[in-house]
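Okay, structure-v4.txt is below, compact mmCIF, C-alpha atoms and all ligand atoms:
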```
# COMPACT_ATOMS: atom_id res chain seq x y z
CA MET A 858 -143.88 41.32 29.26
CA LYS A 859 -141.10 43.90 29.70
CA ASN A 860 -142.63 45.48 32.81
CA ARG A 861 -143.05 42.04 34.42
CA ILE A 862 -139.30 41.28 34.40
CA ALA A 863 -136.67 43.13 36.42
CA LEU A 864 -132.90 42.76 36.66
CA VAL A 865 -131.46 43.57 40.09
CA LYS A 866 -127.86 43.46 41.25
CA GLY A 867 -127.64 42.66 44.94
CA ASP A 868 -128.47 40.32 47.79
CA LEU A 869 -131.43 37.99 47.26
CA ALA A 870 -131.93 37.76 51.03
CA LYS A 871 -132.92 41.45 51.07
CA MET A 872 -135.67 41.16 48.47
CA ASN A 873 -139.13 42.16 49.62
CA VAL A 874 -141.22 39.81 47.50
CA ASP A 875 -143.83 37.09 47.95
CA ALA A 876 -141.14 34.45 47.38
CA VAL A 877 -137.40 34.26 46.93
CA VAL A 878 -136.07 31.16 45.22
CA ASN A 879 -133.21 29.51 47.06
CA ALA A 880 -130.46 27.63 45.23
CA ALA A 881 -130.78 24.61 47.52
CA ASP A 882 -129.18 21.19 47.33
CA GLU A 883 -130.93 17.83 47.58
CA THR A 884 -130.55 17.65 51.35
CA LEU A 885 -132.13 21.10 51.92
CA VAL A 886 -129.73 21.31 54.84
CA VAL A 887 -126.15 22.17 53.95
CA GLY A 888 -125.36 25.06 51.69
CA GLY A 889 -123.00 27.88 50.89
CA GLY A 890 -123.53 30.83 48.57
CA VAL A 891 -127.03 32.17 48.34
CA ASP A 892 -128.42 29.37 50.56
CA ALA A 893 -126.17 30.51 53.42
CA ALA A 894 -127.25 34.14 52.95
CA ILE A 895 -130.91 33.14 53.03
CA HIS A 896 -130.56 30.99 56.15
CA LYS A 897 -128.58 33.68 57.93
CA ALA A 898 -131.25 36.29 57.25
CA ALA A 899 -134.23 33.97 57.81
CA GLY A 900 -133.05 32.79 61.22
CA PRO A 901 -132.82 29.29 62.79
CA ARG A 902 -136.48 28.40 62.31
CA LEU A 903 -135.88 27.97 58.59
CA LEU A 904 -133.14 25.35 59.07
CA GLU A 905 -135.23 23.58 61.69
CA LEU A 906 -138.02 23.28 59.14
CA THR A 907 -135.91 22.34 56.11
CA ARG A 908 -134.23 19.59 58.17
CA SER A 909 -137.64 18.00 58.59
CA LEU A 910 -138.61 18.01 54.90
CA GLY A 911 -136.72 14.89 53.80
CA GLY A 912 -134.76 16.62 51.04
CA CYS A 913 -135.86 17.43 47.49
CA PRO A 914 -134.98 15.86 44.11
CA VAL A 915 -133.07 17.77 41.43
CA GLY A 916 -135.37 19.91 39.26
CA LYS A 917 -138.04 20.08 41.98
CA VAL A 918 -138.91 22.56 44.72
CA LYS A 919 -140.23 22.78 48.29
CA LEU A 920 -141.97 25.78 49.81
CA THR A 921 -141.41 27.23 53.28
CA PRO A 922 -142.21 30.48 55.04
CA GLY A 923 -139.56 33.21 54.92
CA PHE A 924 -139.45 33.62 58.72
CA ASP A 925 -137.22 36.65 59.43
CA LEU A 926 -136.62 37.44 55.74
CA PRO A 927 -138.34 40.40 54.12
CA ALA A 928 -139.68 37.80 51.64
CA LYS A 929 -142.87 36.04 52.78
CA HIS A 930 -141.81 32.63 51.45
CA VAL A 931 -138.82 30.68 50.25
CA ILE A 932 -139.08 28.33 47.29
CA HIS A 933 -136.18 25.91 47.74
CA ALA A 934 -135.25 24.88 44.19
CA VAL A 935 -132.67 22.19 43.51
CA GLY A 936 -130.70 22.87 40.35
CA PRO A 937 -128.30 20.36 38.79
CA MET A 938 -124.59 20.15 39.45
CA TRP A 939 -122.71 20.74 36.16
CA GLN A 940 -121.13 17.49 34.99
CA GLY A 941 -120.07 18.49 31.49
CA GLY A 942 -123.50 18.88 29.92
CA GLY A 943 -124.24 15.25 29.06
CA HIS A 944 -126.25 14.44 32.17
CA HIS A 945 -129.52 16.24 31.36
CA GLU A 946 -128.32 19.33 33.20
CA ALA A 947 -130.20 21.71 30.87
CA LYS A 948 -133.48 19.87 31.43
CA PHE A 949 -133.01 19.77 35.20
CA LEU A 950 -132.15 23.47 35.32
CA ALA A 951 -135.19 24.36 33.21
CA ASN A 952 -137.33 22.20 35.51
CA ALA A 953 -136.03 24.00 38.60
CA TYR A 954 -137.18 27.33 37.11
CA LYS A 955 -140.46 25.89 35.83
CA SER A 956 -141.32 24.23 39.15
CA SER A 957 -140.61 27.47 41.01
CA LEU A 958 -142.87 29.47 38.70
CA LEU A 959 -145.63 26.87 38.90
CA ILE A 960 -145.69 26.78 42.69
CA ALA A 961 -145.71 30.59 42.77
CA GLN A 962 -148.67 30.59 40.39
CA ASN A 963 -150.52 27.93 42.41
CA GLU A 964 -149.98 29.90 45.61
CA GLY A 965 -151.20 33.12 44.00
CA PHE A 966 -147.88 34.92 44.51
CA LYS A 967 -147.51 38.21 42.67
CA THR A 968 -143.76 38.71 42.99
CA ILE A 969 -140.85 36.29 42.91
CA ALA A 970 -137.05 36.68 42.86
CA PHE A 971 -134.56 34.22 41.38
CA PRO A 972 -130.81 33.91 41.87
CA CYS A 973 -128.69 32.43 39.05
CA LEU A 974 -129.47 28.83 39.99
CA SER A 975 -126.61 26.30 39.73
CA THR A 976 -124.00 28.83 38.56
CA GLY A 977 -122.05 29.09 41.84
CA ILE A 978 -120.84 26.02 43.68
CA TYR A 979 -122.61 23.83 41.08
CA LYS A 980 -120.52 25.38 38.25
CA TYR A 981 -123.19 25.53 35.52
CA PRO A 982 -121.78 27.77 32.74
CA LYS A 983 -123.23 31.23 33.34
CA GLU A 984 -124.12 32.12 29.77
CA GLU A 985 -126.08 28.90 29.12
CA ALA A 986 -127.74 29.07 32.53
CA ALA A 987 -128.94 32.64 31.90
CA GLU A 988 -130.40 31.59 28.55
CA ILE A 989 -132.39 28.84 30.25
CA ALA A 990 -133.49 31.10 33.12
CA ILE A 991 -134.74 33.87 30.84
CA GLY A 992 -136.23 31.43 28.34
CA GLU A 993 -138.27 29.61 30.99
CA VAL A 994 -139.51 32.82 32.60
CA VAL A 995 -140.54 34.37 29.27
CA LYS A 996 -142.34 31.17 28.22
CA PHE A 997 -144.15 30.98 31.54
CA LEU A 998 -145.22 34.62 31.68
CA ALA A 999 -146.64 34.41 28.16
CA ASN A 1000 -149.26 31.97 29.51
CA ASP A 1001 -149.72 33.38 33.00
CA LYS A 1002 -151.76 36.26 34.30
CA SER A 1003 -151.07 35.98 38.02
CA LEU A 1004 -147.38 36.83 38.42
CA GLN A 1005 -146.81 40.56 38.25
CA LYS A 1006 -143.05 40.72 38.61
CA VAL A 1007 -140.17 38.28 38.23
CA HIS A 1008 -136.85 39.63 39.53
CA PHE A 1009 -133.56 38.17 38.36
CA VAL A 1010 -131.21 38.93 41.24
CA VAL A 1011 -127.59 38.74 40.12
CA PHE A 1012 -124.68 38.92 42.53
CA THR A 1013 -121.72 39.56 40.24
CA ASP A 1014 -120.87 42.12 37.55
CA GLU A 1015 -120.34 39.25 35.13
CA ASP A 1016 -123.87 37.91 35.63
CA HIS A 1017 -125.29 41.41 35.46
CA ALA A 1018 -123.64 41.94 32.06
CA ILE A 1019 -124.87 38.56 30.75
CA TYR A 1020 -128.47 39.13 31.85
CA ALA A 1021 -128.53 42.76 30.66
CA ARG A 1022 -127.34 41.70 27.21
CA LYS A 1023 -129.71 38.73 26.94
CA LEU A 1024 -132.73 40.69 28.16
CA GLY A 1025 -131.77 43.53 25.80
CA GLU A 1026 -131.62 41.16 22.83
CA ARG A 1027 -135.20 40.14 23.59
CA GLY A 1028 -136.38 43.74 24.04
CA LEU A 1029 -136.89 43.11 27.75
CA ALA A 1030 -134.28 45.47 29.28
P1 LIG A 1101 -125.46 26.62 43.36
O1 LIG A 1101 -125.00 25.59 44.35
O2 LIG A 1101 -126.85 26.35 42.81
O3 LIG A 1101 -124.45 26.87 42.29
P2 LIG A 1101 -124.70 29.12 44.74
O4 LIG A 1101 -125.39 29.73 45.90
O5 LIG A 1101 -123.31 28.63 44.94
O6 LIG A 1101 -125.69 27.96 44.23
O7 LIG A 1101 -124.68 30.14 43.52
C1 LIG A 1101 -125.81 30.52 42.78
C2 LIG A 1101 -125.68 31.98 42.40
O8 LIG A 1101 -126.01 32.79 43.53
C3 LIG A 1101 -124.30 32.43 41.95
O9 LIG A 1101 -124.47 33.21 40.77
C4 LIG A 1101 -123.80 33.30 43.10
O10 LIG A 1101 -122.97 34.34 42.62
C5 LIG A 1101 -125.10 33.86 43.60
N1 LIG A 1101 -125.14 34.39 44.97
C6 LIG A 1101 -124.36 34.10 46.05
N2 LIG A 1101 -124.79 34.78 47.13
C7 LIG A 1101 -125.88 35.50 46.75
C8 LIG A 1101 -126.77 36.41 47.40
N3 LIG A 1101 -126.65 36.71 48.69
N4 LIG A 1101 -127.78 36.97 46.67
C9 LIG A 1101 -127.93 36.67 45.35
N5 LIG A 1101 -127.13 35.82 44.69
C10 LIG A 1101 -126.12 35.25 45.38
```
Before anything else, please render the file you have as C-alpha cells.
Ligand code: ADP
Amino acid sequence: MKNRIALVKGDLAKMNVDAVVNAADETLVVGGGVDAAIHKAAGPRLLELTRSLGGCPVGKVKLTPGFDLPAKHVIHAVGPMWQGGGHHEAKFLANAYKSSLLIAQNEGFKTIAFPCLSTGIYKYPKEEAAEIAIGEVVKFLANDKSLQKVHFVVFTDEDHAIYARKLGERGLA
C-alpha cells in the first residue's frame, strides 16, 4: 500500500499521470483555484468540451481528455460546498473520491492525482477533508489491483503538514 500512495507539494496541472482529478463545480464551466489552473494549462478545447457536458451532480464525476496538459485525462469531480457539516457534506466528499477512483479503475488508468477537493473556495475544513480523502483511497486500494499510484497533490504548507501527519499515522509516509 505504502508504495502506491505519494504526497506531492505543487501544481496539479503539471502532473504527468493518466488522470488528474479536477475540483469542478456543478456547471463544469466556471471555476477558480485548481480548476482555473487546469483549464489554463489544458487550453481552450477543454472548456469547449466541458460546456457541452450539461454539468455534473455533487459527488459524481465526468471524464475528459487532458488536451494540452501533461496528464492524459481529467476527471472532473464535484465536491460539496461546506455548509456547516449537517448537509451530508462528508458523504458527498467521500463519493467524489470514490467515483474518481472507480472511473480510473474502469478505464484501466495506472496513475491518478488528486487535489484537496472542496477545501478551497468550497471551505471544507482541511483536517476532516484529508481524513476522508486518505480513508477513501486506502479503502479503495485495498480491493484494487489496477491502480499503481495515487498522488495527493497539495498546494499549501498547511495541507502538506496535515497529509504528512495523517499518512505517517497510518504508516503510509
Ligand atoms: P473547491 O472549490 O473544491 O474548494 P479549489 O480549487 O478552490 O476547489 O481548492 C481545492 C484545493 O486545491 C485547495 O486546497 C487549493 O489550495 C488547491 N489548489 C489551488 N490551485 C492548485 C493547483 N494549481 N494545484 C494543486 N492544488 C491547487
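Considering the residues A:Trp939, A:Phe966, A:Phe971, A:Phe1012 and counting all atoms listed in the file, ligand LIG 1101 (chain A) has its shortest atom-to-atom contact with A:Phe1012.
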Against range 950-959 of chain A, which residues of range 880-919 of chain A fall within 10 Å? For each one I want the closest pair of atoms and the distance in Å (one decimal), counting only C-alpha atoms, rows by chain and increasing residue number, as CSV.
```
residue,atom,partner,partner_atom,distance
A:Ala880,CA,A:Ala953,CA,9.4
A:Pro914,CA,A:Ala953,CA,9.9
A:Val915,CA,A:Ala953,CA,7.5
A:Gly916,CA,A:Ala953,CA,4.2
A:Lys917,CA,A:Ala953,CA,5.6
A:Val918,CA,A:Ser956,CA,6.3
A:Lys919,CA,A:Ser957,CA,8.7
```
Query raised in the report: What does the distance from CA of Leu1029 in chain A to CA of Gly992 in chain A come to in Å, to one decimal?
Result: 11.7 Å
Query raised in the report: Between A:Asn860, A:Gln940, A:Asn1000, A:Asn879, which has the minimum distance to ligand LIG 1101 (chain A) (counting all atoms listed in the file)?
Result: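 Using all atoms listed in the file, ligand LIG 1101 (chain A) sits closest to A:Asn879.
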Report task. Using all atoms listed in the file, find each residue with an atom at most 8 Å away from ligand LIG 1101 (chain A) and format the answer as JSON, numbers by chain. Result -> {"A": [866, 867, 868, 869, 870, 879, 880, 881, 882, 888, 889, 890, 891, 892, 893, 894, 895, 935, 936, 937, 938, 972, 973, 974, 975, 976, 977, 978, 979, 980, 981, 983, 1010, 1011, 1012, 1013, 1016]}
Query raised in the report: Near Ala928 in chain A, within 9 Å and counting all atoms listed in the file, which residues show up once chain neighbours fewer than 6 positions away are dropped, as a count of residues only?
Result: 10
